[in-house]
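This is start-v1.txt (compact mmCIF, C-alpha atoms).
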# COMPACT_ATOMS: atom_id res chain seq x y z
CA MET A 130 43.22 1.85 89.77
CA ALA A 131 44.92 1.44 86.41
CA ASN A 132 48.37 2.65 87.26
CA VAL A 133 49.83 2.46 90.77
CA ARG A 134 53.60 2.70 90.97
CA LYS A 135 55.68 1.18 93.73
CA THR A 136 58.88 3.05 94.41
CA THR A 137 61.71 3.11 96.92
CA LEU A 138 63.09 5.91 99.01
CA ALA A 139 66.75 5.04 98.75
CA ALA A 140 67.70 8.35 97.16
CA ALA A 141 64.45 10.17 97.78
CA ALA A 142 63.75 12.90 100.25
CA ALA A 143 60.12 12.13 101.02
CA ALA A 144 56.96 10.52 99.80
CA VAL A 145 53.89 12.11 98.40
CA SER A 146 50.50 11.75 100.03
CA GLY A 147 46.98 12.05 98.75
CA ALA A 148 46.19 15.06 100.84
CA LEU A 149 44.94 18.17 99.25
CA LEU A 150 47.21 21.14 99.20
CA LEU A 151 44.57 23.80 99.81
CA THR A 152 46.23 27.13 100.48
CA SER A 153 45.49 30.67 99.46
CA CYS A 154 47.17 33.56 97.74
CA SER A 155 46.24 36.61 95.79
CA THR A 156 45.74 36.71 92.06
CA THR A 157 48.42 38.58 90.17
CA ASP A 158 48.28 39.53 86.50
CA THR A 159 51.76 40.26 85.16
CA GLY A 160 50.62 40.93 81.64
CA SER A 161 47.56 41.34 79.46
CA ALA A 162 46.56 39.74 76.19
CA ASP A 163 46.19 43.10 74.44
CA ALA A 164 49.60 44.28 75.60
CA ALA A 165 51.23 41.06 74.53
CA ALA A 166 49.68 41.23 71.10
CA ALA A 167 50.67 44.86 70.67
CA ASP A 168 54.36 44.43 71.43
CA GLY A 169 54.82 41.09 69.69
CA LYS A 170 55.67 39.16 72.83
CA THR A 171 54.52 35.63 73.54
CA GLN A 172 52.07 35.63 76.40
CA LEU A 173 52.16 32.60 78.68
CA SER A 174 49.27 32.06 81.07
CA VAL A 175 49.90 30.29 84.37
CA SER A 176 46.98 29.10 86.49
CA LEU A 177 47.64 27.58 89.92
CA PHE A 178 45.83 26.98 93.19
CA GLY A 179 46.91 28.29 96.55
CA THR A 180 50.43 29.37 97.35
CA PHE A 181 53.02 27.82 95.07
CA ALA A 182 55.13 30.84 96.17
CA MET A 183 56.47 31.39 92.66
CA ASP A 184 54.96 34.84 92.32
CA GLU A 185 55.80 35.66 95.94
CA ALA A 186 59.45 34.76 95.26
CA GLY A 187 59.49 37.10 92.26
CA LEU A 188 60.15 34.29 89.80
CA PHE A 189 57.69 35.40 87.14
CA ASP A 190 59.17 38.90 87.10
CA GLU A 191 62.67 37.42 87.00
CA TYR A 192 61.85 35.15 84.09
CA GLN A 193 60.39 38.03 82.09
CA LYS A 194 63.58 40.02 82.61
CA LEU A 195 65.67 37.07 81.45
CA ASN A 196 63.32 36.50 78.52
CA PRO A 197 62.08 39.89 77.29
CA ASP A 198 60.07 38.23 74.52
CA ILE A 199 57.82 36.56 77.12
CA THR A 200 54.94 38.05 79.09
CA ILE A 201 53.44 35.99 81.92
CA GLN A 202 49.81 36.23 82.99
CA TYR A 203 49.35 34.56 86.37
CA GLU A 204 46.28 33.71 88.42
CA SER A 205 45.65 31.58 91.49
CA THR A 206 42.45 30.08 92.87
CA GLN A 207 41.87 30.09 96.63
CA GLY A 208 41.19 26.36 97.05
CA GLU A 209 42.14 23.31 95.03
CA ASP A 210 38.66 21.89 95.50
CA LYS A 211 37.31 24.80 93.45
CA TYR A 212 40.22 24.96 91.04
CA TRP A 213 40.18 21.32 89.89
CA PRO A 214 36.53 20.96 88.80
CA ALA A 215 36.78 24.20 86.84
CA LEU A 216 39.92 22.97 85.12
CA GLN A 217 38.23 19.68 84.22
CA THR A 218 35.52 21.59 82.38
CA LYS A 219 38.12 23.53 80.42
CA LEU A 220 40.13 20.43 79.55
CA ALA A 221 37.00 18.61 78.39
CA SER A 222 36.01 21.45 76.07
CA GLY A 223 39.53 22.04 74.81
CA ASN A 224 39.20 25.75 75.60
CA GLY A 225 40.07 28.06 78.45
CA ALA A 226 42.93 26.20 80.10
CA ALA A 227 46.13 28.13 80.78
CA ASP A 228 49.46 27.30 79.11
CA ILE A 229 50.66 25.97 82.47
CA GLN A 230 48.36 24.45 85.08
CA GLY A 231 49.09 23.15 88.57
CA ILE A 232 48.25 19.54 89.41
CA GLU A 233 47.87 18.59 93.07
CA VAL A 234 49.48 15.33 94.10
CA GLY A 235 46.11 13.79 94.94
CA ARG A 236 45.09 14.22 91.30
CA ILE A 237 48.21 12.97 89.53
CA ALA A 238 47.19 9.29 89.48
CA ASP A 239 43.91 10.22 87.80
CA VAL A 240 45.75 12.39 85.28
CA VAL A 241 48.13 9.56 84.39
CA ALA A 242 45.42 6.91 84.20
CA ASN A 243 42.59 8.82 82.55
CA GLN A 244 43.73 12.14 81.08
CA GLN A 245 46.75 11.35 78.94
CA ASP A 246 45.19 12.98 75.88
CA LYS A 247 44.52 16.21 77.79
CA TRP A 248 48.16 16.94 78.67
CA THR A 249 51.43 17.48 76.80
CA ASP A 250 54.15 14.83 77.06
CA LEU A 251 56.86 16.90 78.73
CA ALA A 252 59.46 14.23 77.99
CA THR A 253 59.47 15.51 74.40
CA THR A 254 60.04 19.14 75.46
CA ALA A 255 62.72 21.27 77.08
CA ALA A 256 61.33 20.24 80.46
CA GLY A 257 62.10 16.58 79.79
CA GLU A 258 65.68 16.84 81.00
CA ARG A 259 64.41 17.87 84.43
CA THR A 260 62.96 14.39 85.10
CA ALA A 261 66.34 13.02 86.15
CA ASP A 262 66.53 15.60 88.95
CA TYR A 263 63.64 14.11 90.94
CA PRO A 264 63.44 11.19 93.32
CA GLU A 265 62.28 8.22 91.28
CA TRP A 266 58.89 8.09 93.00
CA LYS A 267 58.15 11.74 92.24
CA SER A 268 58.77 11.47 88.50
CA SER A 269 57.27 7.97 88.28
CA ALA A 270 53.96 9.15 89.72
CA ALA A 271 53.54 11.53 86.77
CA THR A 272 54.71 9.08 84.09
CA THR A 273 52.44 6.81 82.04
CA GLU A 274 53.17 3.16 81.33
CA ASP A 275 54.44 4.09 77.87
CA GLY A 276 56.77 6.78 79.18
CA LYS A 277 54.82 10.00 78.74
CA VAL A 278 55.64 12.57 81.45
CA LEU A 279 52.54 14.64 82.24
CA GLY A 280 53.85 16.76 85.10
CA MET A 281 57.05 18.22 86.55
CA GLY A 282 57.25 18.30 90.33
CA THR A 283 57.20 21.56 92.22
CA ASP A 284 57.28 20.62 95.90
CA ILE A 285 56.71 17.92 98.46
CA GLY A 286 55.18 18.34 101.92
CA PRO A 287 57.38 16.97 104.72
CA MET A 288 55.62 17.40 108.03
CA GLY A 289 56.34 19.27 111.24
CA LEU A 290 54.32 20.58 114.17
CA CYS A 291 53.87 24.36 114.33
CA TYR A 292 52.91 25.91 117.64
CA ARG A 293 52.30 29.20 119.40
CA SER A 294 55.01 29.38 122.04
CA ASP A 295 53.28 32.25 123.85
CA LEU A 296 50.08 30.23 124.32
CA LEU A 297 51.98 27.20 125.60
CA GLN A 298 53.81 29.43 128.07
CA GLN A 299 50.54 30.88 129.34
CA ALA A 300 49.25 27.35 129.94
CA GLY A 301 52.40 26.40 131.86
CA LEU A 302 53.67 24.02 129.18
CA PRO A 303 57.18 23.86 127.71
CA SER A 304 57.65 26.16 124.74
CA ASP A 305 61.35 25.60 124.09
CA PRO A 306 61.63 23.33 121.02
CA ALA A 307 63.93 20.81 122.68
CA GLU A 308 61.83 20.62 125.84
CA LEU A 309 58.60 20.34 123.88
CA SER A 310 59.99 17.62 121.62
CA ALA A 311 61.03 15.64 124.68
CA ARG A 312 57.39 15.61 125.79
CA LEU A 313 56.16 14.49 122.37
CA THR A 314 57.38 10.97 121.73
CA SER A 315 54.08 9.74 120.23
CA TRP A 316 50.63 10.90 119.13
CA ASP A 317 49.32 9.70 122.48
CA ASP A 318 51.74 12.13 124.13
CA TYR A 319 50.44 14.89 121.87
CA VAL A 320 46.85 14.24 122.95
CA ALA A 321 47.87 13.97 126.62
CA LEU A 322 49.67 17.30 126.41
CA GLY A 323 46.55 18.71 124.81
CA ARG A 324 44.56 17.71 127.88
CA GLU A 325 47.05 19.56 130.08
CA PHE A 326 46.76 22.57 127.84
CA LYS A 327 42.98 22.53 127.94
CA ALA A 328 43.01 22.53 131.73
CA ALA A 329 45.02 25.76 131.86
CA ALA A 330 44.57 27.29 128.42
CA PRO A 331 43.96 30.97 127.81
CA ALA A 332 40.26 31.66 127.27
CA GLY A 333 39.08 30.96 123.73
CA THR A 334 42.10 28.87 122.77
CA ALA A 335 42.02 25.20 121.78
CA TRP A 336 44.95 22.77 121.63
CA MET A 337 44.67 22.13 117.88
CA ASP A 338 42.82 23.71 114.99
CA ALA A 339 40.85 20.82 113.52
CA ALA A 340 40.26 17.10 113.83
CA GLY A 341 40.68 16.82 110.07
CA GLY A 342 44.13 18.36 110.23
CA PHE A 343 45.09 16.02 113.07
CA TYR A 344 43.86 13.05 111.03
CA ASN A 345 45.89 14.20 108.01
CA ALA A 346 49.01 14.41 110.15
CA ILE A 347 48.62 10.90 111.55
CA ILE A 348 47.84 9.30 108.20
CA SER A 349 50.68 11.18 106.47
CA THR A 350 53.16 8.81 108.12
CA GLU A 351 51.66 5.68 106.54
CA GLU A 352 52.79 3.90 103.37
CA GLU A 353 49.44 2.39 102.39
CA ILE A 354 46.43 4.60 103.02
CA TYR A 355 43.49 4.43 100.64
CA TYR A 356 44.98 2.02 98.08
CA ASP A 357 47.19 -1.02 98.53
CA GLN A 358 50.26 -1.97 96.54
CA ALA A 359 48.09 -3.88 94.06
CA GLY A 360 46.10 -0.76 93.31
CA GLU A 361 42.98 -1.89 95.16
CA LEU A 362 40.85 0.59 97.08
CA VAL A 363 41.25 -0.42 100.74
CA TRP A 364 40.44 2.69 102.74
CA ASP A 365 37.60 1.01 104.64
CA SER A 366 39.60 -2.11 105.51
CA ASN A 367 42.95 -0.47 106.26
CA PRO A 368 43.31 -0.39 110.08
CA ALA A 369 45.67 2.58 109.85
CA VAL A 370 42.90 4.72 108.36
CA LYS A 371 40.33 3.72 110.96
CA GLU A 372 42.78 4.17 113.84
CA ALA A 373 43.75 7.65 112.63
CA PHE A 374 40.08 8.55 112.24
CA ASP A 375 39.19 7.27 115.71
CA THR A 376 42.13 9.11 117.31
CA ALA A 377 41.14 12.39 115.68
CA ALA A 378 37.46 11.82 116.51
CA ALA A 379 38.31 11.23 120.18
CA ALA A 380 40.28 14.49 120.29
CA ALA A 381 37.25 16.28 118.86
CA GLU A 382 34.92 14.75 121.45
CA GLU A 383 37.29 15.77 124.25
CA GLY A 384 37.12 19.37 123.14
CA LEU A 385 40.76 19.60 122.09
CA THR A 386 39.99 21.15 118.70
CA ALA A 387 38.86 24.63 117.68
CA LYS A 388 36.21 23.02 115.42
CA LEU A 389 37.47 24.81 112.31
CA GLU A 390 37.39 23.72 108.68
CA GLN A 391 40.85 24.11 107.23
CA PHE A 392 41.17 26.46 104.26
CA GLU A 393 37.41 27.02 104.05
CA ASP A 394 36.41 28.67 107.32
CA PRO A 395 37.49 32.35 107.54
CA ALA A 396 37.86 31.85 111.28
CA TRP A 397 40.63 29.34 110.57
CA ASP A 398 42.63 31.99 108.74
CA THR A 399 42.16 34.58 111.48
CA GLY A 400 42.94 31.96 114.11
CA PHE A 401 46.64 31.97 113.22
CA GLY A 402 46.98 35.50 114.48
CA GLY A 403 44.11 35.54 116.93
CA GLY A 404 45.26 32.70 119.17
CA THR A 405 42.30 30.42 118.45
CA PHE A 406 44.53 27.35 118.52
CA ALA A 407 47.96 26.56 119.93
CA THR A 408 49.21 23.85 117.60
CA ILE A 409 48.75 22.71 114.03
CA ALA A 410 50.31 19.91 112.02
CA CYS A 411 52.17 21.79 109.32
CA PRO A 412 53.68 20.60 106.08
CA ALA A 413 56.61 22.73 104.93
CA TRP A 414 54.38 24.76 102.63
CA MET A 415 52.22 25.87 105.57
CA VAL A 416 55.10 27.91 106.99
CA GLY A 417 54.45 30.54 104.35
CA TYR A 418 50.70 30.29 104.89
CA ILE A 419 51.05 30.97 108.61
CA LYS A 420 53.20 34.02 107.94
CA GLY A 421 50.62 35.40 105.55
CA LYS A 422 47.69 34.86 107.90
CA ALA A 423 49.29 35.74 111.25
CA GLY A 424 51.08 38.75 109.74
CA ASP A 425 53.73 40.89 111.37
CA ALA A 426 52.00 40.57 114.74
CA GLY A 427 52.81 36.86 114.72
CA THR A 428 56.56 37.31 114.40
CA GLY A 429 58.34 35.52 117.23
CA LYS A 430 55.17 33.84 118.51
CA TRP A 431 55.24 30.79 116.24
CA ASN A 432 57.79 28.00 116.29
CA VAL A 433 58.08 24.55 114.75
CA VAL A 434 59.34 21.12 115.81
CA SER A 435 59.34 17.67 114.27
CA LEU A 436 56.30 15.41 114.48
CA PRO A 437 56.00 13.41 117.72
CA GLY A 438 58.79 10.89 117.98
CA GLY A 439 60.52 12.38 114.95
CA ALA A 440 58.11 10.55 112.65
CA GLY A 441 58.41 11.23 108.95
CA GLY A 442 55.26 12.29 107.17
CA ASN A 443 54.30 14.03 103.96
CA TRP A 444 51.17 16.01 103.21
CA GLY A 445 50.76 17.56 99.82
CA GLY A 446 52.94 18.48 96.91
CA ALA A 447 52.21 19.37 93.33
CA TYR A 448 53.21 19.30 89.67
CA LEU A 449 53.17 21.67 86.72
CA GLY A 450 51.60 20.44 83.50
CA VAL A 451 51.04 21.88 80.04
CA PRO A 452 47.53 21.20 78.67
CA ALA A 453 47.36 19.75 75.19
CA SER A 454 45.21 22.73 74.18
CA SER A 455 48.05 25.20 74.74
CA ASP A 456 49.15 27.16 71.69
CA ASN A 457 52.54 27.80 73.28
CA LYS A 458 53.69 24.35 74.34
CA GLU A 459 57.40 24.89 73.63
CA GLU A 460 57.60 28.21 75.47
CA ALA A 461 55.47 26.88 78.32
CA ALA A 462 57.72 23.84 78.74
CA GLU A 463 60.78 26.09 78.87
CA LEU A 464 59.17 28.08 81.68
CA VAL A 465 58.27 24.85 83.50
CA ALA A 466 61.88 23.67 83.22
CA TRP A 467 63.15 26.95 84.66
CA LEU A 468 60.62 27.12 87.50
CA THR A 469 61.49 23.58 88.62
CA ALA A 470 65.27 24.06 88.47
CA PRO A 471 67.06 23.71 91.85
CA GLU A 472 67.91 27.39 92.17
CA GLN A 473 64.29 28.43 91.73
CA GLN A 474 62.97 25.74 94.04
CA ALA A 475 65.41 26.90 96.72
CA LYS A 476 64.14 30.48 96.36
CA ILE A 477 60.57 29.25 96.71
CA PHE A 478 61.45 27.42 99.93
CA GLN A 479 63.14 30.49 101.35
CA THR A 480 60.05 32.57 100.56
CA GLY A 481 57.10 30.29 101.21
CA GLY A 482 58.48 27.13 102.82
CA ASN A 483 57.50 24.88 99.91
CA PHE A 484 60.06 22.08 100.18
CA PRO A 485 61.81 21.25 96.89
CA SER A 486 61.12 18.06 94.99
CA ASN A 487 64.28 18.60 92.93
CA THR A 488 67.03 16.59 94.66
CA LYS A 489 69.69 19.06 93.52
CA ALA A 490 68.01 21.70 95.68
CA PHE A 491 68.18 19.70 98.91
CA ASP A 492 71.66 20.90 99.87
CA LEU A 493 70.66 24.47 99.02
CA VAL A 494 67.94 24.50 101.69
CA SER A 495 69.21 22.14 104.39
CA GLY A 496 70.72 24.94 106.49
CA ALA A 497 67.81 27.36 106.19
CA THR A 498 66.41 29.06 109.29
CA ASP A 499 63.34 31.24 109.69
CA GLU A 500 63.41 34.32 111.89
CA TYR A 501 59.62 34.56 111.88
CA PHE A 502 59.61 31.17 113.60
CA GLN A 503 62.14 32.28 116.21
CA GLY A 504 65.10 31.22 114.09
CA ALA A 505 63.83 27.64 113.77
CA PRO A 506 66.09 25.42 111.63
CA ILE A 507 63.34 24.74 109.13
CA GLY A 508 65.74 23.34 106.54
CA GLN A 509 66.96 20.70 108.97
CA ILE A 510 63.51 19.92 110.40
CA PHE A 511 61.82 19.42 107.06
CA SER A 512 64.81 17.69 105.46
CA GLN A 513 64.81 15.11 108.25
CA ALA A 514 61.06 14.69 107.94
CA ALA A 515 61.44 14.15 104.22
CA GLU A 516 64.14 11.55 104.67
CA ALA A 517 62.05 9.67 107.25
CA ALA A 518 58.81 9.72 105.27
CA PRO A 519 57.52 6.51 103.72
CA THR A 520 56.92 6.05 100.02
CA GLN A 521 53.17 6.15 99.69
CA VAL A 522 50.87 4.45 97.22
CA LEU A 523 48.84 6.92 95.16
CA GLY A 524 45.33 6.23 93.91
CA GLU A 525 42.92 7.90 91.52
CA GLU A 526 40.36 8.65 94.25
CA ASP A 527 42.73 9.63 97.06
CA ALA A 528 41.44 13.19 97.16
CA VAL A 529 37.80 12.07 97.20
CA VAL A 530 38.29 9.67 100.11
CA LYS A 531 40.34 12.16 102.07
CA SER A 532 37.71 14.85 101.68
CA ALA A 533 34.89 12.57 102.80
CA LEU A 534 36.71 11.52 105.97
CA VAL A 535 37.74 15.07 106.86
CA GLN A 536 34.14 16.23 106.42
CA ALA A 537 32.97 13.35 108.61
CA LEU A 538 35.33 14.51 111.36
CA LEU A 539 34.04 18.06 110.98
CA SER A 540 30.50 16.77 111.55
CA ILE A 541 31.66 15.32 114.88
CA GLU A 542 33.15 18.65 115.94
CA VAL A 543 30.43 20.99 114.73
CA ASN A 544 27.23 18.94 114.82
CA GLY A 545 27.93 16.44 117.59
CA VAL A 546 27.59 13.43 115.29
CA SER A 547 28.91 10.26 116.92
CA PRO A 548 32.18 8.90 115.49
CA ALA A 549 30.43 5.67 114.47
CA ASP A 550 27.69 7.52 112.60
CA ALA A 551 30.20 9.87 110.99
CA TRP A 552 32.26 6.93 109.72
CA THR A 553 29.16 5.20 108.37
CA SER A 554 28.01 8.39 106.65
CA ALA A 555 31.40 8.78 104.95
CA ALA A 556 31.29 5.13 103.87
CA ASP A 557 27.84 5.56 102.35
CA GLN A 558 28.92 8.71 100.54
CA LEU A 559 32.01 7.04 99.11
CA GLU A 560 30.04 3.97 98.08
CA ASN A 561 27.83 6.23 95.97
CA GLN A 562 30.75 8.20 94.57
CA ILE A 563 33.38 5.59 93.83
CA GLY A 564 31.91 2.21 94.71
Would you mind writing the file's structure down as structure tokens?
Amino acid sequence: MANVRKTTLAAAAAAVSGALLLTSCSTTDTGSADAAAADGKTQLSVSLFGTFAMDEAGLFDEYQKLNPDITIQYESTQGEDKYWPALQTKLASGNGAADIQGIEVGRIADVVANQQDKWTDLATTAAGERTADYPEWKSSAATTEDGKVLGMGTDIGPMGLCYRSDLLQQAGLPSDPAELSARLTSWDDYVALGREFKAAAPAGTAWMDAAGGFYNAIISTEEEIYYDQAGELVWDSNPAVKEAFDTAAAAAEEGLTAKLEQFEDPAWDTGFGGGTFATIACPAWMVGYIKGKAGDAGTGKWNVVSLPGGAGGNWGGAYLGVPASSDNKEEAAELVAWLTAPEQQAKIFQTGGNFPSNTKAFDLVSGATDEYFQGAPIGQIFSQAAEAAPTQVLGEEDAVVKSALVQALLSIEVNGVSPADAWTSAADQLENQIG
């Protein structure tokens, strides 16, 4: 890896991880090219993946009211794994990219190392002043060695554990947050409680949704995952990776998972409301996802606590970048600066749960509660998780390695592949892909 940055957490709220933020939302078009041309307005196109919660929080409409000379055309792709390859094609051709594009945290190292010519240096724009508002590690990850800033942070993904209190009650387990937390002092406790749940669970309900999600939660608490501090790829020699994989694989073999593929399997989406699983490791941004998938019928059934033992973890996070091909770089950068301001990031958290990466927004969200989650103090839970999270090393192939290991775990759940064979298969795949 050409550019790995080591940072400290002294003033930071959390650390980024290489996990993919793969969420879903509808596509909304707030303007058309013909209309923009007819009334003389500048049309800005915004293309994101999943739920950044900007549209849901009404920010695009608000910005257009504040700036009547701007029309915003917004679209979102269901999954980042579909979004990113399509964007790469557009960037390579110099055509088709939006004025503002989302960049998932697992891609930012590759952008900085290999795509500098494809993105605008935001340090030279109106968005440049926003850099000082981030924890050093967040801005550093998007900054080249010669000082070009290729992305402005939107959110980070401090971790919690979301659960269906009604399903735990039916299985005779504690559902009160304080009582449940007291039973969860480690991941071993979490698995042990899962065995108790399985023995008395309502029919058709598993303890957790997916082995891959469990793996992501465990590994989210580590500082070095797929790359070491020197920038070397060490996923296959890092004991933390193998231990997390083996723990998740064992849970799959014990029948503690619902055998679902996160963000890809329609049954995973319906499972939030249908009671297919009782617990799920949830970054802050998944709070909004759960609400959308469980719907009104899920109100008061879901709750959230800290990770076992109060561990700090981080899964996901993103940036906004302006492609070099944009014809509206100045206006796009002004919109980026506004969207990443503390007031807007606080609104996004209140709407979708996406935890701010702007340090000036931390105090604005620390006291937030969520009635959908039985009044859970989500601001406190995710703030504490962010403060406890390690600063993680980012690598160019983080997303590729993560995907291969998650797919290997899925093969254990769905196809009965042995953990040893699944690990070997992932290793062979990654050897062919990245060496």
Within 12 Å of Asp275 of chain A, counting all atoms listed in the file, which residues qualify if same-chain residues fewer than 6 places away don't, as a CSV table (one decimal) with C-alpha atoms, in the frame of the given file?
chain,number,residue,atom,x,y,z
A,132,ASN,CA,48.4,2.6,87.3
A,241,VAL,CA,48.1,9.6,84.4
A,242,ALA,CA,45.4,6.9,84.2
A,245,GLN,CA,46.8,11.4,78.9
A,250,ASP,CA,54.2,14.8,77.1
A,252,ALA,CA,59.5,14.2,78.0
A,269,SER,CA,57.3,8.0,88.3
Pairwise distance, atom CA of Val363 of chain A with atom CA of Ala533 of chain A, equals 14.6 Å
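Rounded to one decimal, atom CA of Arg236 of chain A and atom CA of Trp467 of chain A lie 23.1 Å from each other.
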- For Glu352 of chain A, please output as a list in words all residues within 7 Å (counting only C-alpha atoms; exclusion window: fewer than 5 positions along the same chain). Pro519, Thr520, Gln521 and Val522 of chain A
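Taking only C-alpha atoms into account, the polymer residues that have an atom no farther than 6 Å from (57.5, 33.0, 79.5) are Leu173, Ile199, Thr200, Ile201 and Leu464 of chain A.
The environment of Val433 of chain A within 9 Å, counting all atoms listed in the file and disregarding residues fewer than 3 places along the same chain, consists of Gly289, Leu290, Cys291, Tyr292, Arg293, Pro306, Cys411, Val416, Phe502, Gln503, Ala505, Pro506, Ile507 and Ile510 of chain A.
Between atom CA of Lys194 of chain A and atom CA of Tyr212 of chain A lies a distance of 29.0 Å.
Ranking A:Asp284, A:Asp357, A:Asp499, A:Asp318 by their shortest atom-to-atom distance to Asn443 of chain A, with only C-alpha atoms included, puts A:Asp284 first.
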Which residues are close to Ala387 of chain A, i.e. within 9 Å by only C-alpha atoms, leaving aside same-chain residues fewer than 3 positions away? Reply as a PyMOL selection string. chain A and resi 333-340+381+384+397+405-406+542
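Nearest residue to Glu390 of chain A among A:Gln230, A:Thr253, A:Ser532, A:Thr171 is A:Ser532, counting only C-alpha atoms.
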In terms of all atoms listed in the file, the residue from A:Ala453, A:Ser547, A:Tyr355, A:Asp184 at minimal distance from Lys247 of chain A is A:Ala453
